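The structure appears below as structure tokens.
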Amino acid sequence: MARLTGARPVAARRWGCAAAAVFLLLLTVQAAQKADLSSDATAATINHSLTLLQRLQELLQHGNGSDSVLRVRTAASDEAKVFHTHQLLLSLQSEVFESLLRNQSVVTLHEPPETAALFEKFIRYLYCGGVSILLHQAIPMHQLASKYRVWGLQRGVADYMKTHLASESSQGHVVGWYHYAVRIGDVALQESCLQFLAWNLSAVLGSAEWGSVSVELLLLLLERSDLVLHSELELYTAVEGWLGRQQPEGPMAERVLRAIRYPMIAPSQLFQLQAQSAVLARHYSAVQDLLFQAFQFHAASPLHFAKYFDVNCSMFLPRNYLAPSWGSQWVINNPARDDRSTSFQTQLGPSSHDAGKRVTWNVLFSPRWLPISLRPVYSDSVSGAVQPVRIEDGRPRLVITPAMSSPDFAGVSFQKTVLVGVRQQGRVLVKHAYSFHQSSDEVADFLAHADLQKRTSEYLIDNSLHLHIIIKPVYHSLIKVKK
């Protein structure tokens with residue numbers, strides 16, 4: 001980066017434009033050469049693009065042939081950062097710069113401190129097409145790319161954010177990225193952040209960023225049934241702490257408390273909350289009907305309860321609870337080696353009426369199951385010949401079946417969820433989740449894109465497949481609810 005030292009000679013300005021023009025010409029020639037080489041077996045490519053990029057960097061660093069000057073100012077400082085630049089290169093990447101530099105060679109830009117700190121990186125990207133950023137730099141770099149309409153950089157930073165949700169940071173970053181995505185209207189980034197928060201909520205609840213969750217984000221999370229956490233009580237405790245810190249207005253706090261699924265909390269724990277929770281005592285009138293309904297749910301037979309209440313609503317649907325009564329963890333060592341099987345037990349249903357009833361589940365894992373379309377068949381062309389089948393043609397398969405007969409499950413159906421843990425930045429997190437209903441014993445796309453043969457596979461931790469199988473028992477109304 002060079003300092004502003006006065007007007008540049010006209011010849012130098014022309015040299016800068018000529019250099020940029022040569023750069024464009026080289027790119028055009030490269031494309032033409034590739035087309036020419038495709039039909040000639042003796043052809044070769046001579047590539048000095050790295051040298052060219054280095055010289056372009058030197059143009060920016062030393063200001064050689066500069067024909068425009070950018071002065072970047074912040075409200076917090078009287079001193080301006082000065083960049084001697086080349087109009088053609090900036091205009092090629094940014095229509096905003098093209099407009100700003102059309103009739104003037106010196107432009108003053110006003111930036112907040114966080115974007116001004118990255119402006120040199122941003123300008124270097126315009127010259128060289130590459131930039132390195134850290135987690136805390138993602139939002140200001142995206143802001144620069146958006147403000148100056150550098151669409152390639154904007155997409156690149158958004159992709160960086162989607163692929164670094166699991167990266168470890170001292171204060172957390174996913175909640176901040178979600179709020180930023182809402183402000184700029186990036187729906188894809190919003191959904192990526194929401195999914196990560198939902199699948200790794202227990203980790204978020206215990207982190208510093210839980211306190212920065214907005215009430216809108218909290219309500220969105222509480223609506224979801226795919227939240228992964230130890231229990232509904234863990235969620236209530238975290239929500240209670242959030243309400244204590246944020247102190248939202250009464251109606252909003254009541255909306256949050258009414259989103260807790262109280263029937264998923266054991267009666268003994270509900271009694272304890274009523275006796276000890278200051279937040280619950282403050283807003284008791286707003287949730288009294290839900291608490292009474294939860295006690296009724298636990299006291300009555302599920303079949304009898306379903307005659308009078310609609311149990312097909314979210315209040316009676318379990319989330320993805322990691323407690324042992326809802327499923328089991330399964331670590332498969334060397335998963336590409338051979339078939340494996342295991343079994344575990346879960347509670348028949350979330351009602352206390354079913355607390356003592358257990359369902360045994362058998363699980364089969366096959367690393368190289370072949371779909372029917374790929375199984376060996378006899379060929380008519382060669383008598384007795386079998387079409388060759390490669391091991392790699394198979395795909396992983398997971399089958400979950402109950403060891404008991406279906407009549408034992410009157411009024412109950414089961415949703416099965418399989419979580420796949422991955423290690424990212426030293427942490428084990430959930431990045432993949434597969435769900436299927438009782439009507440199917442397996443999910444069709446289970447690990448469809450996983451290469452379990454590779455020790456470096458993102459699906460493996462120390463050459464082991466870390467699964468957590470969750471069984472979500474769901475009651476359904478057998479008789480129409482009375483109005």
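By order of appearance in the structure tokens: chains A, B, ..., then residues from 1 within every chain, and ligands from 1 in the order shown.
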May I have the residues within 10 Å of Gln137 of chain A as a PyMOL selection string, using only C-alpha atoms and disregarding those fewer than 2 positions away in the same chain?
-> chain A and resi 114-115+117-118+132-135+139-142+157
Using only all heavy atoms, please write the residues we just selected to a file, as an mmCIF file, in the first residue's frame.
```
data_model
loop_
_atom_site.group_PDB
_atom_site.id
_atom_site.type_symbol
_atom_site.label_atom_id
_atom_site.label_comp_id
_atom_site.auth_asym_id
_atom_site.auth_seq_id
_atom_site.Cartn_x
_atom_site.Cartn_y
_atom_site.Cartn_z
ATOM 1 N N GLU A 114 -14.748 -1.679 11.439
ATOM 2 C CA GLU A 114 -14.570 -3.104 11.155
ATOM 3 C C GLU A 114 -14.349 -3.382 9.673
ATOM 4 O O GLU A 114 -13.615 -4.302 9.308
ATOM 5 C CB GLU A 114 -15.750 -3.912 11.693
ATOM 6 C CG GLU A 114 -17.102 -3.503 11.148
ATOM 7 C CD GLU A 114 -17.771 -2.416 11.965
ATOM 8 O OE1 GLU A 114 -17.075 -1.755 12.764
ATOM 9 O OE2 GLU A 114 -18.995 -2.244 11.808
ATOM 10 N N THR A 115 -14.974 -2.605 8.783
ATOM 11 C CA THR A 115 -14.748 -2.811 7.348
ATOM 12 C C THR A 115 -13.493 -2.070 6.879
ATOM 13 O O THR A 115 -12.782 -2.548 5.986
ATOM 14 C CB THR A 115 -15.963 -2.362 6.527
ATOM 15 O OG1 THR A 115 -16.299 -1.008 6.861
ATOM 16 C CG2 THR A 115 -17.156 -3.249 6.807
ATOM 17 N N ALA A 117 -10.810 -1.814 8.496
ATOM 18 C CA ALA A 117 -9.664 -2.645 8.873
ATOM 19 C C ALA A 117 -9.370 -3.717 7.824
ATOM 20 O O ALA A 117 -8.242 -4.206 7.737
ATOM 21 C CB ALA A 117 -9.928 -3.298 10.224
ATOM 22 N N LEU A 118 -10.362 -4.078 7.025
ATOM 23 C CA LEU A 118 -10.182 -5.122 6.014
ATOM 24 C C LEU A 118 -10.105 -4.560 4.598
ATOM 25 O O LEU A 118 -10.085 -5.333 3.640
ATOM 26 C CB LEU A 118 -11.353 -6.119 6.088
ATOM 27 C CG LEU A 118 -11.469 -6.956 7.357
ATOM 28 C CD1 LEU A 118 -12.676 -7.879 7.273
ATOM 29 C CD2 LEU A 118 -10.214 -7.775 7.574
ATOM 30 N N SER A 132 -7.655 -14.293 2.091
ATOM 31 C CA SER A 132 -7.764 -15.179 3.253
ATOM 32 C C SER A 132 -8.454 -14.412 4.370
ATOM 33 O O SER A 132 -8.126 -13.245 4.620
ATOM 34 C CB SER A 132 -6.383 -15.653 3.712
ATOM 35 O OG SER A 132 -5.570 -14.546 4.044
ATOM 36 N N ILE A 133 -9.426 -15.071 5.028
ATOM 37 C CA ILE A 133 -10.164 -14.408 6.101
ATOM 38 C C ILE A 133 -10.279 -15.339 7.297
ATOM 39 O O ILE A 133 -10.120 -16.559 7.180
ATOM 40 C CB ILE A 133 -11.574 -13.962 5.644
ATOM 41 C CG1 ILE A 133 -12.403 -15.171 5.185
ATOM 42 C CG2 ILE A 133 -11.498 -12.918 4.571
ATOM 43 C CD1 ILE A 133 -13.836 -14.814 4.859
ATOM 44 N N LEU A 134 -10.574 -14.747 8.445
ATOM 45 C CA LEU A 134 -10.819 -15.477 9.684
ATOM 46 C C LEU A 134 -12.303 -15.373 10.040
ATOM 47 O O LEU A 134 -13.052 -14.610 9.421
ATOM 48 C CB LEU A 134 -9.962 -14.905 10.815
ATOM 49 C CG LEU A 134 -8.451 -14.923 10.577
ATOM 50 C CD1 LEU A 134 -7.720 -14.176 11.695
ATOM 51 C CD2 LEU A 134 -7.945 -16.350 10.453
ATOM 52 N N LEU A 135 -12.730 -16.137 11.043
ATOM 53 C CA LEU A 135 -14.146 -16.176 11.394
ATOM 54 C C LEU A 135 -14.709 -14.796 11.680
ATOM 55 O O LEU A 135 -15.776 -14.430 11.185
ATOM 56 C CB LEU A 135 -14.352 -17.086 12.618
ATOM 57 C CG LEU A 135 -14.069 -18.579 12.412
ATOM 58 C CD1 LEU A 135 -14.205 -19.307 13.747
ATOM 59 C CD2 LEU A 135 -15.012 -19.187 11.387
ATOM 60 N N ILE A 139 -18.197 -11.353 8.356
ATOM 61 C CA ILE A 139 -19.287 -10.387 8.176
ATOM 62 C C ILE A 139 -18.779 -9.074 7.565
ATOM 63 O O ILE A 139 -19.355 -8.599 6.574
ATOM 64 C CB ILE A 139 -20.029 -10.153 9.502
ATOM 65 C CG1 ILE A 139 -20.852 -11.392 9.864
ATOM 66 C CG2 ILE A 139 -20.933 -8.924 9.409
ATOM 67 C CD1 ILE A 139 -21.633 -11.265 11.169
ATOM 68 N N PRO A 140 -17.720 -8.439 8.108
ATOM 69 C CA PRO A 140 -17.272 -7.191 7.463
ATOM 70 C C PRO A 140 -16.808 -7.379 6.025
ATOM 71 O O PRO A 140 -17.023 -6.499 5.187
ATOM 72 C CB PRO A 140 -16.133 -6.702 8.366
ATOM 73 C CG PRO A 140 -15.777 -7.847 9.245
ATOM 74 C CD PRO A 140 -17.004 -8.676 9.373
ATOM 75 N N MET A 141 -16.190 -8.523 5.701
ATOM 76 C CA MET A 141 -15.782 -8.752 4.312
ATOM 77 C C MET A 141 -17.013 -8.920 3.416
ATOM 78 O O MET A 141 -17.047 -8.424 2.284
ATOM 79 C CB MET A 141 -14.879 -9.981 4.224
ATOM 80 C CG MET A 141 -14.294 -10.210 2.830
ATOM 81 S SD MET A 141 -13.247 -8.850 2.253
ATOM 82 C CE MET A 141 -11.765 -9.119 3.231
ATOM 83 N N HIS A 142 -18.026 -9.613 3.918
ATOM 84 C CA HIS A 142 -19.268 -9.762 3.152
ATOM 85 C C HIS A 142 -19.941 -8.404 2.969
ATOM 86 O O HIS A 142 -20.522 -8.114 1.907
ATOM 87 C CB HIS A 142 -20.209 -10.732 3.875
ATOM 88 C CG HIS A 142 -21.362 -11.192 3.048
ATOM 89 N ND1 HIS A 142 -22.510 -10.449 2.884
ATOM 90 C CD2 HIS A 142 -21.558 -12.331 2.317
ATOM 91 C CE1 HIS A 142 -23.366 -11.089 2.116
ATOM 92 N NE2 HIS A 142 -22.803 -12.231 1.751
ATOM 93 N N VAL A 157 -17.648 -15.535 0.350
ATOM 94 C CA VAL A 157 -17.704 -15.366 1.807
ATOM 95 C C VAL A 157 -18.919 -16.096 2.373
ATOM 96 O O VAL A 157 -18.836 -16.725 3.443
ATOM 97 C CB VAL A 157 -17.741 -13.874 2.184
ATOM 98 C CG1 VAL A 157 -17.903 -13.707 3.686
ATOM 99 C CG2 VAL A 157 -16.468 -13.176 1.723
#
```
Which polymer residues have any atom within 9 Å of an atom of segment 338-349 of chain A, counting only C-alpha atoms, with same-chain residues fewer than 6 positions away left out, as JSON, numbers by chain?
-> {"A": [302, 324, 325, 326, 327, 328, 330, 332, 355, 356, 357, 358, 359, 360, 361, 362, 363, 364, 365, 366, 367, 368, 409, 412, 470, 471, 472, 473, 474, 475]}
In Å to one decimal, how far is atom CA of Ser192 of chain A from atom CA of Leu243 of chain A?
->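 Between atom CA of Leu243 of chain A and atom CA of Ser192 of chain A the gap is 25.5 Å.
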Counting only C-alpha atoms, closest pick from A:Leu101, A:Leu109, A:Leu201, A:Leu235 relative to Arg71 of chain A is A:Leu109
Tell me, as a list in words, which residues lie within 9 Å of segment 213-220 of chain A, counting only C-alpha atoms; anything in the same chain fewer than 4 positions away does not count.
->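 My list of contacting residues is Val175, Gly176, Tyr178, His179, Leu194, Glu209, Arg224, Val239, Trp242, Gln246, Pro248, Met252, Ala253, Arg255, Val256 and Ala259 of chain A.
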With N, CA and C atoms retained, write the just-selected residues as a short mmCIF file (atom, residue, chain, number, x, y, z; two decimals), in the first residue's frame.
```cif
data_model
loop_
_atom_site.label_atom_id
_atom_site.label_comp_id
_atom_site.auth_asym_id
_atom_site.auth_seq_id
_atom_site.Cartn_x
_atom_site.Cartn_y
_atom_site.Cartn_z
N VAL A 175 -24.65 -17.72 15.86
CA VAL A 175 -25.81 -16.87 16.18
C VAL A 175 -25.65 -15.51 15.51
N GLY A 176 -24.45 -14.93 15.59
CA GLY A 176 -24.20 -13.64 14.93
C GLY A 176 -24.36 -13.74 13.43
N TYR A 178 -26.28 -15.84 11.85
CA TYR A 178 -27.71 -15.97 11.56
C TYR A 178 -28.38 -14.60 11.55
N HIS A 179 -28.13 -13.80 12.58
CA HIS A 179 -28.75 -12.48 12.65
C HIS A 179 -28.32 -11.61 11.46
N LEU A 194 -29.58 -22.07 11.09
CA LEU A 194 -30.67 -22.63 11.88
C LEU A 194 -30.49 -24.13 12.06
N GLU A 209 -22.49 -17.60 23.28
CA GLU A 209 -23.38 -17.00 22.29
C GLU A 209 -24.86 -17.23 22.58
N ARG A 224 -39.17 -26.02 16.54
CA ARG A 224 -38.64 -27.16 15.81
C ARG A 224 -38.68 -28.44 16.64
N VAL A 239 -33.72 -21.78 28.69
CA VAL A 239 -34.67 -20.71 28.38
C VAL A 239 -34.90 -19.83 29.61
N TRP A 242 -32.06 -17.53 29.83
CA TRP A 242 -32.15 -16.50 28.78
C TRP A 242 -33.16 -15.43 29.16
N GLN A 246 -32.29 -11.48 29.43
CA GLN A 246 -32.84 -10.58 28.41
C GLN A 246 -34.00 -9.73 28.91
N PRO A 248 -37.36 -9.85 28.45
CA PRO A 248 -38.30 -9.36 27.43
C PRO A 248 -39.62 -8.94 28.08
N MET A 252 -44.08 -11.32 25.32
CA MET A 252 -43.06 -12.07 24.59
C MET A 252 -42.50 -13.20 25.46
N ALA A 253 -42.28 -12.94 26.73
CA ALA A 253 -41.80 -13.98 27.64
C ALA A 253 -42.82 -15.12 27.73
N ARG A 255 -44.91 -16.01 25.36
CA ARG A 255 -44.83 -16.78 24.11
C ARG A 255 -43.69 -17.80 24.18
N VAL A 256 -42.58 -17.37 24.73
CA VAL A 256 -41.42 -18.26 24.84
C VAL A 256 -41.74 -19.43 25.78
N ALA A 259 -43.91 -22.20 24.44
CA ALA A 259 -43.31 -23.05 23.40
C ALA A 259 -42.56 -24.24 23.99
#
```
For segment 147-204 of chain A against segment 427-448 of chain A, with a cut-off of 10 Å and counting only C-alpha atoms, what is the closest atom pair and its distance in Å to one decimal for every residue that makes the cut, ordered by chain and number, as a Markdown table?
```
| residue | atom | partner | partner_atom | distance |
| --- | --- | --- | --- | --- |
| A:Leu165 | CA | A:Lys431 | CA | 9.9 |
| A:Ala166 | CA | A:Leu429 | CA | 7.3 |
| A:Ser167 | CA | A:Arg427 | CA | 8.4 |
| A:Glu168 | CA | A:Arg427 | CA | 7.7 |
| A:Gln195 | CA | A:Lys431 | CA | 9.0 |
| A:Phe196 | CA | A:Lys431 | CA | 7.3 |
| A:Leu197 | CA | A:Val430 | CA | 9.9 |
| A:Ala198 | CA | A:Val430 | CA | 9.6 |
| A:Trp199 | CA | A:Val430 | CA | 5.9 |
| A:Asn200 | CA | A:Val430 | CA | 6.2 |
| A:Leu201 | CA | A:Val430 | CA | 9.8 |
| A:Ala203 | CA | A:Leu429 | CA | 8.5 |
```
Length of the atom CA of Asn312 of chain A to atom CA of Leu221 of chain A vector [Å] |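 According to the coordinates, atom CA of Asn312 of chain A and atom CA of Leu221 of chain A are separated by 19.5 Å.
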